[in-house]
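Here's the structure, in structure tokens; my notes come after.
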There are 2 protein chains.
Amino acid sequence: MGVNLQTESQLFIGIDGGGSKCRATIFCPQRGVIGTGVAGRANPLHGLEQTFESILASTQLAISDAKLNPDAVSTLVAGLGLAGVNVPRLYDLVNQWQHPFAKMYLTTDLHTACIGAHEGNDGAVIITGTGSCGYAHVGNQNLLIGGHGFALGDKGSGAWLGQQAAEHVLLNLDGFAEDTQLTQPLLAHFNVTDAMGLVENLAGQSSSTYAQLARIVLQQAEQGDAVAISIVKQGAKYISNMARKLFALQPTRFSMIGGLAEPLAVWLDKDVVARVELAISPPEIGAILFARQEFAAQQHNREVS
Amino acid sequence: MGVNLQTESQLFIGIDGGGSKCRATIFCPQRGVIGTGVAGRANPLHGLEQTFESILASTQLAISDAKLNPDAVSTLVAGLGLAGVNVPRLYDLVNQWQHPFAKMYLTTDLHTACIGAHEGNDGAVIITGTGSCGYAHVGNQNLLIGGHGFALGDKGSGAWLGQQAAEHVLLNLDGFAEDTQLTQPLLAHFNVTDAMGLVENLAGQSSSTYAQLARIVLQQAEQGDAVAISIVKQGAKYISNMARKLFALQPTRFSMIGGLAEPLAVWLDKDVVARVELAISPPEIGAILFARQEFAAQQHNREVS
């Protein structure tokens with residue numbers, strides 16, 4: 001039997017959806033985080049139905065983790081930070097969703113990541129995980145850079161590193177490009193022995209499949225492979241340049257977030273690394289802060305109107 | 001009412017399936033080509049069900065064009081040249097298909113293109129359409145180069161040209177890359193005005209969507225845009241190098257096939273262009289020749305065994 005916490009206070013759920021995972025976190029103002037859940041990818045650019053499924057799955061896992069009844073979903077005030085909704089059409093489609101929450105406030109994953117990193121204050125963030133993008137919020141100014149998605153950009157991201165490595169290895173196996181220590185670990189990763197084996201495992205696959213190869217590229221770069229170093233340096237250069245564009249808005253804080261933030265740091269320009277500060281909270285907590293801000297503003301507007 | 005041509009002779013159907021289209025051609029040994037049909041893409045790498053649907057759709061269109069009954073499909077001997085079946089697992093899956101034909105002989109689109117181009121004799125071909133790849137058949141030697149598919153390679157192909165252009169335009173709109181005359185026609189192609197409009201139309205799309213942008217890239221290169229010229233030259237260099245690898249097998253004939261073969265020719269190295277000879281027949285006629293060869297060999301084997 002679930003415990004009904006609704007009598008104590010309004011519960012919030014923060015959801016962070018991206019190219020590989022969807023994280024949900026339930027927050028009680030009195031008790032803090034009471035439950036979390038993780039499900040599959042939730043990027044509307046790559047499928048609206050899958051996005052909704054992942055949001056619902058991670059939500060129910062978080063509800064279960066919090067020992068709430070499944071139908072408690074209808075009492076939650078949700079903050080959603082999703083990849084892809086920087087595209088206005090997708091923002092509208094997600095916003096029109098017949099969601100199960102009491103209220104739903106939608107914004108980009110970059111916005112909630114920035115809110116989380118700087119606890120709701122002005123600042124800038126770069127996310128380098130499956131994809132890559134930058135965002136700054138300073139005063140009335142917002143700046144979004146990159147985030148175009150796999151096969152269109154996202155340089156320096158996990159998917160981009162993996163794609164660059166696979167492309168080079170295939171060119172090499174055809175005799176068109178220099179030898180590299182990347183070849184054997186890439187083949188071994190998929191348990192195949194030749195180019196066709198790689199093609200079979202990568203063709204038509206999503207960004208998350210390519211992003212799984214990023215660690216191999218970073219490892220081989222650390223071990224001195226010239227091709228891997230060239231790929232990682234090219235990606236890191238883009239991220240450094242992106243950071244400088246964000247710095248132009250003079251944010252008081254700057255954080256780097258995502259699975260590649262830490263391993264990529266050694267490859268970034270020194271002036272950029274010098275400005276990196278720890279993210280205070282993760283994006284899903286940013287999504288909760290966003291939901292609380294929006295909810296409070298709406299309550300306030302209702303009272304004054 | 002359909003005319004039953006079965007009494008006259010065995011009918012053959014040649015099918016050429018690739019990343020954008022599937023072409024079917026019905027051939028009668030006495031009367032030549034009696035019907036053709038075109039349907040959507042048929043590349044098993046990007047979906048087996050869609051491949052089968054496109055084969056069946058193009059077949060029925062060809063049957064209708066030939067004024068045969070729809071059930072005449074069960075009397076046809078089919079030759080299939082498909083993209084993607086250079087991957088052994090996909091070859092097996094297509095070969096195990098419960099197809100509707102009297103007999104079905106399967107090979108790669110490269111093989112049937114080569115058979116068509118050189119009327120069944122030894123030779124080499126490069127296909128530059130939605131994708132790019134090279135193939136040579138000389139004596140007992142076969143050489144396949146490239147053909148790794150979109151986002152993994154296929155340099156110089158339509159999808160690659162389009163992807164490179166879109167990536168550059170997006171980097172430029174973010175302030176990371178030089179200005180280019182590609183920007184306006186790319187935005188106009190999708191009837192959008194900014195980066196997010198491009199992303200919305202391209203993210204998660206198949207190679208054929210990117211390939212639609214290739215003409216714009218070639219046009220801007222002809223008109224002197226430095227970025228477009230750089231992209232086209234890089235693609236053409238790869239195609240020229242691919243040709244030289246095929247020439248190493250000393251093929252007696254060499255042809256270039258596909259929608260980009262002609263516009264790309266002016267950008268290829270002179271020694272490569274000098275060797276290009278017209279393809280005698282298109283790939284779907286190659287598929288018919290392949291089916292006739294295989295069918296005759298099987299009949300012969302049956303008689304001698």
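Scheme for the structure tokens: letters A, B, ... for chains in order shown; per-chain residue numbers from 1; ligand numbers from 1 in order shown.
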Proximal residues of chain A relative to chain B (only C-alpha atoms; 8 Å) as a list in words
Leu45, His46, Asn86, Val87, Ile145, Gly146, His148, Gly149, Phe150, Ala151, Leu152, Gly153, Gln163, Ala166, Glu167, Leu170, Leu171, Asp174, Phe176, Met196, Gly197, Val199, Glu200, Leu202, Ala203, Gly204 and Asn241 of chain A
As JSON, numbers by chain, which residues of range 85-302 of chain A does DSSP assign to strand (DSSP E or B)?
{"A": [103, 104, 105, 106, 107, 108, 123, 124, 125, 126, 127, 128, 132, 133, 134, 135, 136, 137, 138, 141, 142, 143, 144, 145, 146, 254, 255, 256, 257]}
Those residues with N, CA, C and O atoms, as a short mmCIF file (atom, residue, chain, number, x, y, z; two decimals), in the first residue's frame please?
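Result went into result29.cif, see below:
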```cif
data_model
loop_
_atom_site.label_atom_id
_atom_site.label_comp_id
_atom_site.auth_asym_id
_atom_site.auth_seq_id
_atom_site.Cartn_x
_atom_site.Cartn_y
_atom_site.Cartn_z
N LYS A 103 -0.10 19.01 -13.40
CA LYS A 103 0.33 20.10 -14.27
C LYS A 103 1.64 19.70 -14.92
O LYS A 103 2.40 18.92 -14.35
N MET A 104 1.89 20.22 -16.10
CA MET A 104 3.16 19.92 -16.76
C MET A 104 3.75 21.20 -17.32
O MET A 104 3.08 21.94 -18.04
N TYR A 105 5.00 21.47 -16.96
CA TYR A 105 5.73 22.63 -17.48
C TYR A 105 6.89 22.12 -18.32
O TYR A 105 7.71 21.31 -17.85
N LEU A 106 6.96 22.59 -19.56
CA LEU A 106 7.93 22.05 -20.51
C LEU A 106 8.98 23.09 -20.89
O LEU A 106 8.67 24.25 -21.13
N THR A 107 10.24 22.63 -20.95
CA THR A 107 11.31 23.46 -21.49
C THR A 107 12.39 22.55 -22.06
O THR A 107 12.23 21.33 -22.07
N THR A 108 13.48 23.14 -22.53
CA THR A 108 14.55 22.32 -23.11
C THR A 108 15.41 21.69 -22.01
O THR A 108 15.48 22.21 -20.89
N GLY A 123 23.68 31.77 -15.61
CA GLY A 123 24.89 31.01 -15.84
C GLY A 123 24.90 30.39 -17.22
O GLY A 123 24.00 30.63 -18.02
N ALA A 124 25.95 29.63 -17.48
CA ALA A 124 26.09 28.95 -18.77
C ALA A 124 26.44 27.49 -18.54
O ALA A 124 27.07 27.15 -17.54
N VAL A 125 26.00 26.64 -19.49
CA VAL A 125 26.34 25.22 -19.41
C VAL A 125 26.69 24.71 -20.81
O VAL A 125 26.19 25.20 -21.81
N ILE A 126 27.56 23.72 -20.83
CA ILE A 126 27.76 22.93 -22.04
C ILE A 126 27.48 21.48 -21.68
O ILE A 126 27.97 20.99 -20.66
N ILE A 127 26.66 20.83 -22.49
CA ILE A 127 26.39 19.41 -22.27
C ILE A 127 27.14 18.62 -23.33
O ILE A 127 26.99 18.86 -24.53
N THR A 128 27.97 17.70 -22.88
CA THR A 128 28.61 16.77 -23.82
C THR A 128 28.33 15.35 -23.33
O THR A 128 28.98 14.86 -22.41
N SER A 132 25.95 17.14 -28.16
CA SER A 132 26.64 18.28 -27.55
C SER A 132 25.88 19.56 -27.84
O SER A 132 25.29 19.71 -28.92
N CYS A 133 25.86 20.47 -26.86
CA CYS A 133 25.21 21.76 -27.06
C CYS A 133 25.58 22.69 -25.92
O CYS A 133 26.08 22.25 -24.88
N GLY A 134 25.36 23.97 -26.14
CA GLY A 134 25.67 24.97 -25.13
C GLY A 134 24.49 25.89 -24.92
O GLY A 134 23.68 26.09 -25.83
N TYR A 135 24.40 26.46 -23.71
CA TYR A 135 23.28 27.32 -23.38
C TYR A 135 23.72 28.31 -22.32
O TYR A 135 24.46 27.96 -21.40
N ALA A 136 23.30 29.54 -22.47
CA ALA A 136 23.56 30.55 -21.43
C ALA A 136 22.28 31.32 -21.18
O ALA A 136 21.52 31.61 -22.10
N HIS A 137 22.06 31.62 -19.91
CA HIS A 137 20.93 32.45 -19.51
C HIS A 137 21.49 33.53 -18.61
O HIS A 137 21.94 33.26 -17.50
N VAL A 138 21.50 34.76 -19.12
CA VAL A 138 22.06 35.88 -18.36
C VAL A 138 21.09 37.04 -18.51
O VAL A 138 20.92 37.59 -19.60
N GLN A 141 18.85 37.66 -21.54
CA GLN A 141 19.45 37.03 -22.72
C GLN A 141 19.52 35.52 -22.60
O GLN A 141 19.92 34.99 -21.56
N ASN A 142 19.12 34.83 -23.68
CA ASN A 142 19.30 33.38 -23.79
C ASN A 142 20.13 33.11 -25.03
O ASN A 142 19.90 33.73 -26.07
N LEU A 143 21.08 32.20 -24.93
CA LEU A 143 21.85 31.81 -26.11
C LEU A 143 21.94 30.30 -26.17
O LEU A 143 22.34 29.65 -25.21
N LEU A 144 21.51 29.76 -27.29
CA LEU A 144 21.59 28.32 -27.51
C LEU A 144 22.53 28.07 -28.68
O LEU A 144 22.36 28.67 -29.75
N ILE A 145 23.53 27.22 -28.49
CA ILE A 145 24.48 26.91 -29.57
C ILE A 145 24.54 25.40 -29.77
O ILE A 145 24.57 24.64 -28.80
N GLY A 146 24.60 24.99 -31.03
CA GLY A 146 24.72 23.57 -31.34
C GLY A 146 23.43 22.82 -31.04
O GLY A 146 22.34 23.38 -31.15
N PHE A 254 29.86 28.87 -14.94
CA PHE A 254 29.90 28.02 -16.14
C PHE A 254 30.16 26.58 -15.70
O PHE A 254 31.10 26.32 -14.93
N SER A 255 29.34 25.68 -16.16
CA SER A 255 29.52 24.26 -15.81
C SER A 255 29.48 23.39 -17.06
O SER A 255 28.86 23.75 -18.05
N MET A 256 30.17 22.27 -16.96
CA MET A 256 30.10 21.27 -18.02
C MET A 256 29.43 20.02 -17.48
O MET A 256 29.76 19.53 -16.42
N ILE A 257 28.48 19.51 -18.25
CA ILE A 257 27.61 18.43 -17.79
C ILE A 257 27.62 17.30 -18.82
O ILE A 257 27.86 17.54 -20.00
#
```
